[in-house]
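Q: Sharing my_file.cif here; it has mmCIF, C-alpha atoms.
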```cif
data_data
#
loop_
_atom_site.label_atom_id
_atom_site.label_comp_id
_atom_site.auth_asym_id
_atom_site.auth_seq_id
_atom_site.Cartn_x
_atom_site.Cartn_y
_atom_site.Cartn_z
CA MET A 1 -31.94 -16.80 -4.58
CA PHE A 2 -33.81 -13.49 -4.54
CA THR A 3 -35.18 -12.09 -7.75
CA LEU A 4 -33.25 -8.94 -8.66
CA SER A 5 -35.25 -8.16 -11.76
CA ASN A 6 -38.92 -8.30 -12.54
CA GLN A 7 -38.90 -6.40 -15.81
CA GLY A 8 -35.69 -7.27 -17.58
CA LEU A 9 -33.58 -4.45 -16.20
CA PRO A 10 -31.72 -5.20 -12.95
CA LEU A 11 -33.22 -4.01 -9.63
CA GLY A 12 -36.38 -2.86 -11.41
CA PHE A 13 -34.62 0.06 -13.07
CA ASN A 14 -37.13 2.03 -15.14
CA ILE A 15 -36.21 5.20 -16.99
CA PHE A 16 -39.77 6.58 -16.86
CA GLU A 17 -39.89 6.17 -13.11
CA VAL A 18 -36.53 7.93 -12.88
CA LEU A 19 -37.91 10.83 -14.91
CA ILE A 20 -40.99 11.05 -12.70
CA HIS A 21 -38.76 11.03 -9.62
CA ILE A 22 -36.57 13.75 -11.11
CA PHE A 23 -39.65 15.85 -11.85
CA ASN A 24 -40.94 15.17 -8.34
CA PHE A 25 -37.62 16.18 -6.82
CA LEU A 26 -37.43 19.29 -9.01
CA LEU A 27 -40.91 20.25 -7.85
CA LEU A 28 -39.85 19.80 -4.22
CA MET A 29 -36.72 21.86 -4.75
CA VAL A 30 -38.57 24.72 -6.42
CA GLY A 31 -41.25 24.64 -3.73
CA LEU A 32 -38.69 24.63 -0.93
CA ARG A 33 -36.74 27.43 -2.56
CA PHE A 34 -39.65 29.80 -3.07
CA LEU A 35 -41.74 28.93 -0.02
CA LEU A 36 -39.05 28.52 2.60
CA TYR A 37 -35.45 29.10 1.61
CA LYS A 38 -35.69 32.38 -0.31
CA PRO A 39 -38.01 34.34 2.05
CA VAL A 40 -36.10 33.20 5.15
CA LYS A 41 -32.75 34.01 3.56
CA LYS A 42 -34.03 37.35 2.32
CA PHE A 43 -35.26 38.18 5.80
CA MET A 44 -31.96 37.12 7.38
CA ALA A 45 -30.00 39.19 4.87
CA LYS A 46 -32.26 42.19 5.53
CA ARG A 47 -31.89 41.77 9.28
CA GLU A 48 -28.14 41.40 8.95
CA ALA A 49 -28.02 44.58 6.86
CA GLU A 50 -30.14 46.38 9.46
CA TYR A 51 -27.86 45.23 12.26
CA LYS A 52 -24.83 46.21 10.22
CA THR A 53 -26.31 49.66 9.59
CA ALA A 54 -27.23 50.00 13.25
CA GLU A 55 -23.73 48.91 14.25
CA GLU A 56 -22.18 51.40 11.84
CA GLU A 57 -24.52 54.12 13.09
CA GLY A 58 -23.62 53.20 16.66
CA LYS A 59 -19.94 53.34 15.83
CA ALA A 60 -20.39 56.70 14.07
CA ALA A 61 -22.42 58.03 17.03
CA ALA A 62 -19.76 56.78 19.44
CA ALA A 63 -17.04 58.42 17.34
CA GLU A 64 -19.08 61.63 17.17
CA ALA A 65 -19.66 61.51 20.93
CA GLU A 66 -15.95 60.92 21.44
CA ALA A 67 -15.12 63.88 19.18
CA LYS A 68 -17.66 66.04 21.02
CA LYS A 69 -16.23 64.87 24.34
CA ALA A 70 -12.74 65.79 23.18
CA GLU A 71 -14.03 69.14 21.92
CA ALA A 72 -15.86 69.73 25.19
CA GLY A 73 -12.70 68.79 27.08
CA LYS A 74 -10.79 71.27 24.97
CA VAL A 75 -13.42 73.97 25.63
CA ILE A 76 -13.33 73.18 29.36
CA ALA A 77 -9.51 73.38 29.37
CA GLU A 78 -9.67 76.68 27.50
CA ALA A 79 -12.35 77.94 29.90
CA ARG A 80 -10.20 76.89 32.85
CA GLN A 81 -7.21 78.65 31.33
CA GLN A 82 -9.36 81.72 30.68
CA ALA A 83 -10.67 81.59 34.24
CA VAL A 84 -7.11 81.40 35.57
CA GLN A 85 -6.11 84.25 33.25
CA MET A 86 -9.16 86.29 34.27
CA SER A 87 -8.43 85.61 37.91
CA GLU A 88 -4.82 86.67 37.46
CA ASP A 89 -5.92 89.77 35.49
CA ALA A 90 -8.49 90.60 38.14
CA ALA A 91 -5.89 90.20 40.87
CA ALA A 92 -3.46 92.39 38.94
CA ALA A 93 -6.20 94.97 38.28
CA ALA A 94 -7.17 94.84 41.94
CA VAL A 95 -3.57 95.46 42.94
CA VAL A 96 -3.35 98.37 40.52
CA GLN A 97 -6.69 99.72 41.68
CA THR A 98 -5.68 99.28 45.30
CA ARG A 99 -2.52 101.16 44.62
CA GLU A 100 -4.44 103.91 42.85
CA ILE A 101 -6.97 104.12 45.65
CA MET A 102 -4.21 104.19 48.21
CA ALA A 103 -2.35 106.85 46.26
CA THR A 104 -5.50 108.94 45.98
CA ALA A 105 -6.19 108.38 49.65
CA ARG A 106 -2.67 109.41 50.47
CA GLU A 107 -3.04 112.48 48.28
CA GLN A 108 -6.31 113.34 49.90
CA ALA A 109 -4.85 112.73 53.34
CA LYS A 110 -1.93 114.96 52.45
CA ASP A 111 -4.26 117.67 51.22
CA MET A 112 -6.38 117.31 54.30
CA LEU A 113 -3.25 117.53 56.45
CA GLU A 114 -2.08 120.59 54.61
CA LYS A 115 -5.46 122.16 54.98
CA ALA A 116 -5.57 121.23 58.65
CA LYS A 117 -2.14 122.74 59.14
CA LEU A 118 -3.23 125.90 57.39
CA ASP A 119 -6.38 126.00 59.48
CA ILE A 120 -4.34 125.49 62.63
CA LYS A 121 -2.00 128.22 61.58
CA HIS A 122 -4.88 130.45 60.83
CA GLU A 123 -6.54 129.61 64.12
CA GLN A 124 -3.21 130.14 65.88
CA SER A 125 -2.73 133.57 64.42
CA LYS A 126 -6.35 134.40 65.13
CA ALA A 127 -5.98 133.20 68.71
CA LYS A 128 -2.74 135.11 68.99
CA GLU A 129 -4.42 138.26 67.81
CA GLU A 130 -7.32 137.70 70.14
CA LEU A 131 -4.90 137.03 72.98
CA LEU A 132 -2.92 140.09 72.11
CA PHE A 133 -6.07 142.10 72.05
CA SER A 134 -7.16 140.67 75.38
CA VAL A 135 -3.75 141.23 76.88
CA SER A 136 -3.82 144.77 75.63
CA GLU A 137 -7.19 145.34 77.10
CA LEU A 138 -6.11 143.80 80.39
CA ALA A 139 -2.99 145.80 80.42
CA VAL A 140 -4.90 148.98 79.72
CA ASP A 141 -7.30 148.11 82.45
CA ILE A 142 -4.49 147.38 84.89
CA ALA A 143 -2.68 150.49 83.86
CA SER A 144 -5.79 152.57 84.28
CA ARG A 145 -6.22 151.24 87.72
CA ILE A 146 -2.59 151.88 88.65
CA LEU A 147 -2.51 155.30 87.16
CA GLU A 148 -5.98 156.05 88.25
CA ARG A 149 -6.65 157.59 84.97
CA GLU A 150 -7.99 156.44 81.75
CA VAL A 151 -5.40 154.97 79.49
CA LYS A 152 -6.36 154.81 75.93
CA LEU A 153 -5.78 151.82 73.87
CA GLU A 154 -3.49 153.78 71.55
CA ASP A 155 -1.28 154.63 74.47
CA ASN A 156 -1.14 151.08 75.49
CA ASP A 157 -0.23 150.07 72.05
CA THR A 158 2.52 152.58 71.99
CA ILE A 159 3.87 151.31 75.30
CA ILE A 160 3.61 147.70 74.29
CA ASN A 161 5.15 148.31 70.98
CA THR A 162 7.96 150.17 72.65
CA LEU A 163 8.38 147.32 75.08
CA ILE A 164 8.38 144.77 72.34
CA GLU A 165 10.95 146.78 70.48
CA GLU A 166 13.13 146.86 73.61
CA TRP A 167 12.79 143.11 74.03
CA LYS A 168 13.68 142.59 70.46
CA GLU A 169 16.75 144.78 70.93
CA ASP A 170 17.69 142.86 74.08
CA ALA A 171 17.26 139.59 72.30
CA MET B 1 -28.93 -19.16 12.83
CA ILE B 2 -28.91 -16.53 10.08
CA GLN B 3 -28.41 -19.26 7.46
CA ALA B 4 -31.35 -21.12 8.94
CA MET B 5 -33.44 -17.96 8.84
CA LEU B 6 -32.53 -17.25 5.21
CA SER B 7 -33.17 -20.82 4.10
CA SER B 8 -36.78 -20.62 5.21
CA SER B 9 -39.01 -20.22 2.12
CA SER B 10 -41.38 -17.72 3.72
CA VAL B 11 -38.45 -15.50 4.70
CA LYS B 12 -37.03 -15.79 1.19
CA GLU B 13 -40.31 -14.65 -0.27
CA ARG B 14 -40.61 -11.85 2.21
CA LEU B 15 -37.09 -10.59 1.47
CA SER B 16 -37.65 -10.95 -2.24
CA GLU B 17 -40.84 -8.94 -1.91
CA ALA B 18 -39.03 -6.28 0.12
CA LEU B 19 -36.28 -6.03 -2.44
CA MET B 20 -38.41 -6.19 -5.56
CA PRO B 21 -41.98 -5.30 -4.69
CA GLU B 22 -44.80 -5.86 -7.12
CA LYS B 23 -45.34 -3.03 -9.58
CA VAL B 24 -48.60 -1.14 -9.48
CA ARG B 25 -50.37 -0.48 -12.75
CA ILE B 26 -51.45 3.11 -13.34
CA PHE B 27 -52.66 4.85 -16.51
CA GLY B 28 -53.27 1.71 -18.54
CA ASN B 29 -50.06 -0.29 -19.06
CA PHE B 30 -47.77 2.07 -17.17
CA GLU B 31 -46.42 0.40 -14.04
CA VAL B 32 -44.62 1.99 -11.12
CA GLY B 33 -43.13 0.67 -7.89
CA PRO B 34 -44.81 1.33 -4.54
CA SER B 35 -41.92 3.66 -3.65
CA MET B 36 -43.23 6.08 -6.26
CA PHE B 37 -46.34 6.71 -4.14
CA THR B 38 -44.19 7.22 -1.07
CA ALA B 39 -41.99 9.68 -2.95
CA LEU B 40 -44.99 11.65 -4.21
CA ALA B 41 -46.62 11.60 -0.78
CA VAL B 42 -43.40 12.75 0.90
CA THR B 43 -43.03 15.60 -1.61
CA ALA B 44 -46.66 16.61 -1.05
CA PHE B 45 -46.15 16.44 2.71
CA LEU B 46 -42.97 18.54 2.60
CA LEU B 47 -44.57 21.10 0.29
CA ALA B 48 -47.63 21.25 2.57
CA ILE B 49 -45.34 21.93 5.54
CA CYS B 50 -43.61 24.64 3.51
CA VAL B 51 -46.96 26.23 2.64
CA VAL B 52 -48.07 26.15 6.29
CA LEU B 53 -44.75 27.63 7.44
CA ARG B 54 -44.92 30.27 4.70
CA LEU B 55 -48.39 31.32 5.84
CA THR B 56 -47.65 31.24 9.54
CA VAL B 57 -44.07 31.58 10.78
CA ILE B 58 -42.41 33.06 7.68
CA ARG B 59 -45.16 35.65 7.25
CA LYS B 60 -44.45 36.98 10.74
CA LEU B 61 -40.67 36.81 10.84
CA ARG B 62 -39.29 39.00 13.61
CA ASN B 63 -35.93 40.51 14.38
CA VAL B 64 -36.12 38.86 17.79
CA PRO B 65 -37.13 35.33 16.76
CA LYS B 66 -39.22 32.80 18.65
CA LYS B 67 -38.48 29.05 18.79
CA PRO B 68 -40.08 27.98 15.44
CA GLN B 69 -38.36 30.85 13.63
CA ILE B 70 -35.04 29.99 15.27
CA LEU B 71 -35.39 26.39 14.08
CA ILE B 72 -36.24 27.42 10.51
CA GLU B 73 -33.43 29.97 10.39
CA MET B 74 -31.01 27.40 11.78
CA ILE B 75 -31.92 24.86 9.08
CA VAL B 76 -31.77 27.39 6.24
CA LYS B 77 -28.50 28.82 7.56
CA ALA B 78 -26.95 25.35 7.85
CA PHE B 79 -27.71 24.45 4.21
CA ASP B 80 -26.76 27.91 3.01
CA LYS B 81 -23.41 27.68 4.78
CA LEU B 82 -22.82 24.17 3.45
CA ALA B 83 -23.48 25.36 -0.11
CA LYS B 84 -21.53 28.60 0.33
CA ASP B 85 -18.48 26.86 1.78
CA ALA B 86 -18.42 24.39 -1.12
CA THR B 87 -19.36 26.61 -4.05
CA HIS B 88 -18.65 30.16 -2.79
CA ASP B 89 -21.26 31.98 -4.93
CA LEU B 90 -23.84 29.37 -5.98
CA GLU B 91 -25.53 29.03 -2.62
CA ASN B 92 -28.83 30.45 -3.94
CA PHE B 93 -29.26 27.36 -6.10
CA VAL B 94 -27.12 24.74 -4.39
CA GLY B 95 -28.52 25.62 -0.94
CA PRO B 96 -32.16 24.81 -1.82
CA TYR B 97 -30.95 21.83 -3.87
CA VAL B 98 -29.13 20.13 -1.01
CA MET B 99 -31.88 21.17 1.41
CA ALA B 100 -34.53 19.53 -0.81
CA ALA B 101 -32.37 16.40 -1.20
CA ALA B 102 -31.65 16.14 2.53
CA SER B 103 -35.26 16.72 3.59
CA PHE B 104 -36.54 14.26 0.98
CA ILE B 105 -34.05 11.56 1.99
CA CYS B 106 -34.72 12.14 5.69
CA VAL B 107 -38.53 12.11 5.55
CA SER B 108 -38.82 9.37 2.92
CA THR B 109 -36.65 7.12 5.12
CA LEU B 110 -38.44 8.01 8.36
CA VAL B 111 -41.79 6.90 6.90
CA GLU B 112 -40.55 3.34 7.41
CA LEU B 113 -41.28 3.86 11.12
CA LEU B 114 -44.97 4.15 10.13
CA GLY B 115 -44.82 0.83 8.25
CA VAL B 116 -44.67 2.49 4.83
CA ARG B 117 -42.11 1.34 2.28
CA PRO B 118 -39.34 3.97 2.08
CA ALA B 119 -39.11 5.82 -1.21
CA LEU B 120 -35.36 5.27 -1.34
CA ALA B 121 -35.73 1.49 -1.21
CA ASP B 122 -36.19 1.80 -4.97
CA ILE B 123 -33.19 2.20 -7.26
CA ASN B 124 -35.17 4.57 -9.50
CA THR B 125 -35.63 7.11 -6.69
CA CYS B 126 -31.97 6.89 -5.68
CA PHE B 127 -30.79 7.12 -9.26
CA ALA B 128 -33.04 10.13 -9.84
CA LEU B 129 -31.32 11.94 -6.96
CA GLY B 130 -27.83 10.86 -8.10
CA PHE B 131 -28.54 11.82 -11.69
CA SER B 132 -29.93 15.21 -10.61
CA THR B 133 -26.65 15.91 -8.81
CA PHE B 134 -24.74 14.77 -11.90
CA VAL B 135 -26.70 17.23 -14.07
CA VAL B 136 -26.22 20.07 -11.58
CA ILE B 137 -22.48 19.35 -11.36
CA HIS B 138 -22.01 19.54 -15.12
CA PHE B 139 -24.41 22.45 -15.63
CA PHE B 140 -22.52 24.65 -13.19
CA GLY B 141 -19.18 23.22 -14.28
CA VAL B 142 -19.84 24.35 -17.85
CA LYS B 143 -21.42 27.63 -16.74
CA LYS B 144 -18.53 28.58 -14.46
CA ARG B 145 -15.51 27.15 -16.22
CA GLY B 146 -16.69 27.04 -19.81
CA LEU B 147 -17.50 24.16 -22.15
CA GLY B 148 -13.97 24.03 -23.56
CA ILE B 149 -12.31 23.37 -20.21
CA ARG B 150 -14.95 20.80 -19.27
CA LEU B 151 -14.51 18.95 -22.59
CA LYS B 152 -10.73 19.17 -22.38
CA ARG B 153 -11.01 17.51 -19.01
CA MET B 154 -12.68 14.52 -20.72
CA LEU B 155 -9.52 13.83 -22.73
CA ASN B 156 -8.28 12.01 -19.67
CA PRO B 157 -10.29 8.74 -19.48
CA ILE B 158 -9.93 8.66 -15.70
CA ASN B 159 -11.97 11.87 -15.50
CA ILE B 160 -14.76 10.27 -17.57
CA ILE B 161 -14.86 7.31 -15.20
CA THR B 162 -14.78 9.69 -12.22
CA ASP B 163 -17.68 11.70 -13.62
CA ILE B 164 -19.77 8.62 -14.37
CA ALA B 165 -18.94 7.19 -10.95
CA VAL B 166 -20.51 10.19 -9.20
CA PRO B 167 -24.23 9.44 -9.88
CA VAL B 168 -23.62 5.71 -9.63
CA SER B 169 -21.86 5.94 -6.26
CA LEU B 170 -24.39 8.45 -4.89
CA SER B 171 -27.33 6.30 -6.02
CA PHE B 172 -26.02 2.94 -4.91
CA ARG B 173 -24.71 4.16 -1.58
CA LEU B 174 -28.15 5.50 -0.79
CA PHE B 175 -29.98 2.51 -2.18
CA GLY B 176 -27.71 0.01 -0.42
CA SER B 177 -28.01 1.73 2.95
CA ILE B 178 -31.78 2.06 2.89
CA VAL B 179 -32.46 -1.39 1.45
CA SER B 180 -30.10 -3.06 3.92
CA GLY B 181 -31.98 -1.39 6.77
CA LEU B 182 -35.27 -2.46 5.25
CA LEU B 183 -34.10 -6.06 4.83
CA ILE B 184 -32.81 -6.22 8.41
CA MET B 185 -36.17 -4.99 9.66
CA GLU B 186 -37.97 -7.51 7.43
CA LEU B 187 -35.80 -10.32 8.82
CA ILE B 188 -36.57 -9.28 12.37
CA TYR B 189 -40.30 -9.00 11.74
CA SER B 190 -40.27 -12.43 10.05
CA TYR B 191 -39.69 -14.16 13.38
CA ILE B 192 -42.06 -13.82 16.26
CA ALA B 193 -39.24 -14.50 18.74
CA LEU B 194 -37.29 -11.46 17.48
CA SER B 195 -40.23 -9.10 17.22
CA PHE B 196 -40.25 -8.11 20.92
CA VAL B 197 -38.13 -5.18 22.12
CA LEU B 198 -35.47 -5.76 19.44
CA PRO B 199 -37.31 -3.82 16.68
CA VAL B 200 -37.35 -0.76 18.92
CA LEU B 201 -33.55 -0.75 19.10
CA VAL B 202 -32.88 -1.89 15.53
CA SER B 203 -35.38 0.48 13.95
CA VAL B 204 -33.61 3.39 15.64
CA ILE B 205 -30.29 2.30 14.12
CA THR B 206 -31.54 1.26 10.69
CA THR B 207 -34.14 3.97 10.20
CA LEU B 208 -33.56 7.01 12.38
CA PHE B 209 -29.77 7.05 12.07
CA HIS B 210 -29.93 6.11 8.41
CA ALA B 211 -32.33 8.92 7.69
CA LEU B 212 -30.09 11.54 9.25
CA ILE B 213 -26.76 10.07 8.17
CA GLN B 214 -27.77 9.47 4.56
CA ALA B 215 -29.33 12.94 4.30
CA TYR B 216 -26.11 14.45 5.63
CA ILE B 217 -23.84 12.34 3.41
CA PHE B 218 -25.82 12.99 0.25
CA SER B 219 -26.09 16.76 0.80
CA THR B 220 -22.41 17.07 1.76
CA LEU B 221 -21.17 15.00 -1.16
CA SER B 222 -23.45 16.79 -3.64
CA SER B 223 -22.26 20.23 -2.54
CA LEU B 224 -18.63 19.06 -2.57
CA PHE B 225 -18.90 17.60 -6.07
CA ILE B 226 -20.59 20.77 -7.35
CA GLY B 227 -17.96 22.88 -5.61
CA GLU B 228 -15.20 20.79 -7.18
CA ALA B 229 -16.73 21.21 -10.64
CA VAL B 230 -17.01 25.00 -10.40
CA GLU B 231 -13.66 25.51 -8.71
CA ILE B 232 -11.43 27.71 -10.83
CA ILE B 233 -7.85 26.49 -10.73
CA GLU B 234 -5.42 29.41 -10.83
#
```
Represent the structure of the file as structure tokens.
A:
Amino acid sequence: MFTLSNQGLPLGFNIFEVLIHIFNFLLLMVGLRFLLYKPVKKFMAKREAEYKTAEEEGKAAAAEAEAKKAEAGKVIAEARQQAVQMSEDAAAAAVVQTREIMATAREQAKDMLEKAKLDIKHEQSKAKEELLFSVSELAVDIASRILEREVKLEDNDTIINTLIEEWKEDA
Amino acid sequence: MIQAMLSSSSVKERLSEALMPEKVRIFGNFEVGPSMFTALAVTAFLLAICVVLRLTVIRKLRNVPKKPQILIEMIVKAFDKLAKDATHDLENFVGPYVMAAASFICVSTLVELLGVRPALADINTCFALGFSTFVVIHFFGVKKRGLGIRLKRMLNPINIITDIAVPVSLSFRLFGSIVSGLLIMELIYSYIALSFVLPVLVSVITTLFHALIQAYIFSTLSSLFIGEAVEIIE
């Protein structure tokens, strides 16, 4: 059969070799830990923290943007309401102003009408007087021609006035 | 056929040599197996790779990683997760521990493809790994749960047997797997008729698969045993 021992202990078991192997393995583990495992893990942890921070910042920025959007929406709604209010106020003010202007215009028109009436009256009386004077003159002239003498204006007036008085009596 | 193969004296010698290789004398009367040199060479190789990676890839780690960085991060993350899932808060020690064990087992088995004797074809190397796990289990068990609870646990003889069985089972499982692969390869190489094409297939099964499977089994079991030892029962 095969030889399973060449030193007394089965399968060549040797405590010193085991210790050397343990030391060798320990050396490998320490080397792996400090050269590879630790720096890579540290970097991954740092990167994860950075991504986490960035994600949190992103979330905060999104929340802030959402809040600002809501605030802006609120401001826009208020502005719209104000615009509607202002429009309504302006319309109401315009109506009031229109009414005032119209009232003033009516007042002015009334005044102007009154004035025109007065002017007409004045012109009428003036024209009447002028007509009366002209009629008097014509009458005097006609009378002078009929009577073949000069008739004074005072005489004419007396006659006319007498005539007018008679007409008034007849009326 | 196998009986005929094994009965041949040259094959017997070859298998005997594979199983119990001649010791090499170093430092006067101190003798070590040839697996010792493989183990030291593998450690030196792995540390050299670590140094190169530390000076190149790890020095220029980026937030948007390239392929080598992705690979390194993936490996570190896998061992970290394995340790974290098993032990919860000891991943800073258990992670590098299982990573070192897995990488050592994997590389020291793969060297067989180069015609070098695997480091784990020696019981001393396997026992060193198993015993290291045993020490780590009890160190963290005492640290986390206290010496009193750990000693109280020993009052039950079954627990003593269970504790002793851990390094023995870890060591012998590893040793048995690697040596069986080595012996199969030796058998195949002993016959000219079998040394065409067949070694290509068998070496993949006995070496490549063994390397990965044994590395995975050892690291998983180690982290589970450590996790079990530090687990606080409510």
Q: Give me, as CSV, each residue of chain A that comes within 9 Å of chain B, together with its shortest interatomic pair and the distance in Å at one decimal, counting only C-alpha atoms, with rows ordered by chain and rising residue number.
A:
```
residue,atom,partner,partner_atom,distance
A:Met1,CA,B:Lys12,CA,7.8
A:Phe2,CA,B:Ser16,CA,5.1
A:Thr3,CA,B:Ser16,CA,6.1
A:Leu4,CA,B:Met20,CA,6.6
A:Ser5,CA,B:Met20,CA,7.2
A:Asn6,CA,B:Met20,CA,7.3
A:Leu11,CA,B:Ile123,CA,6.6
A:Gly12,CA,B:Met20,CA,7.0
A:Phe13,CA,B:Asn124,CA,5.8
A:Asn14,CA,B:Asn124,CA,6.5
A:Ile15,CA,B:Asn124,CA,7.6
A:Phe16,CA,B:Val32,CA,8.8
A:Glu17,CA,B:Asn124,CA,6.2
A:Val18,CA,B:Asn124,CA,5.0
A:Leu19,CA,B:Ala128,CA,7.1
A:Ile20,CA,B:Met36,CA,8.4
A:His21,CA,B:Ala128,CA,5.8
A:Ile22,CA,B:Ala128,CA,5.2
A:Phe23,CA,B:Ala128,CA,9.0
A:Asn24,CA,B:Leu40,CA,6.8
A:Phe25,CA,B:Thr43,CA,7.5
A:Leu26,CA,B:Tyr97,CA,8.7
A:Leu27,CA,B:Thr43,CA,8.1
A:Leu28,CA,B:Thr43,CA,5.9
A:Met29,CA,B:Ala100,CA,5.1
A:Val30,CA,B:Pro96,CA,7.9
A:Gly31,CA,B:Leu47,CA,6.3
A:Leu32,CA,B:Ala100,CA,6.6
A:Arg33,CA,B:Pro96,CA,5.3
A:Leu35,CA,B:Arg54,CA,5.8
A:Leu36,CA,B:Cys50,CA,6.1
A:Tyr37,CA,B:Val76,CA,6.2
A:Lys38,CA,B:Asn92,CA,8.0
A:Pro39,CA,B:Ile58,CA,7.3
A:Val40,CA,B:Glu73,CA,6.7
A:Lys41,CA,B:Val76,CA,7.2
A:Phe43,CA,B:Leu61,CA,7.5
A:Met44,CA,B:Glu73,CA,7.9
A:Arg47,CA,B:Asn63,CA,6.6
```
Q: Identify, on the basis of all atoms listed in the file, every residue whose closest approach to range 186-191 of chain B does not exceed 9 Å; exclude the query and any residue fewer than 4 positions from it along the same chain; express the result as a list in words.
A: Met5, Leu6, Ser10, Val11, Arg14, Leu15, Ala18, Gly181, Leu182, Ser195, Leu198, Pro199 and Val202 of chain B
Q: Take CA of Ala102 in chain B and CA of Ala211 in chain B and report the distance between them in Å, one decimal.
A: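 Computing the Euclidean distance for CA of Ala102 in chain B and CA of Ala211 in chain B yields 8.9 Å.
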Q: For a test of reading the model, state the distance in Å between CA of His210 in chain B and CA of Cys106 in chain B, rounded to one decimal.
A: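 Computed distance, CA of His210 in chain B to CA of Cys106 in chain B, equals 8.2 Å.
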Q: Enter the distance from CA of Arg145 in chain B to CA of Asp163 in chain B, in Å, rounded to one decimal.
A: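 Calculated distance between CA of Arg145 in chain B and CA of Asp163 in chain B is 15.8 Å.
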Q: Can you tell me, as a list of chain:residue names, what residues are no more than 6 Å from Ala121 in chain B when counting all atoms listed in the file, ignoring any on the same chain fewer than 6 positions away?
A: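 Listed by chain and then number, they are B:Phe175, B:Ile178, B:Val179.
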Q: Tell me which of B:Gly28, B:Gly141, B:Gly115, B:Pro68 sits closest to Glu228 in chain B, counting all atoms listed in the file.
A: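 Nearest candidate to Glu228 in chain B out of B:Gly28, B:Gly141, B:Gly115, B:Pro68: B:Gly141.
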Q: Specify as JSON, numbers by chain each residue included when the PyMOL selection byres ((chain B and resi 85) around 12) is applied to this file.
A: {"B": [77, 78, 79, 80, 81, 82, 83, 84, 86, 87, 88, 89, 90, 91, 94, 95, 220, 223, 224, 226, 227, 228, 231]}
Q: Given 4 Å on each side, where is the centre and what are the edge lengths in Å to one decimal of the axis-aligned box enclosing the listed atoms of range 75-79 of chain A, as JSON?
A:
```
{"center_x": -11.5, "center_y": 75.6, "center_z": 27.8, "size_x": 11.9, "size_y": 12.8, "size_z": 12.3}
```
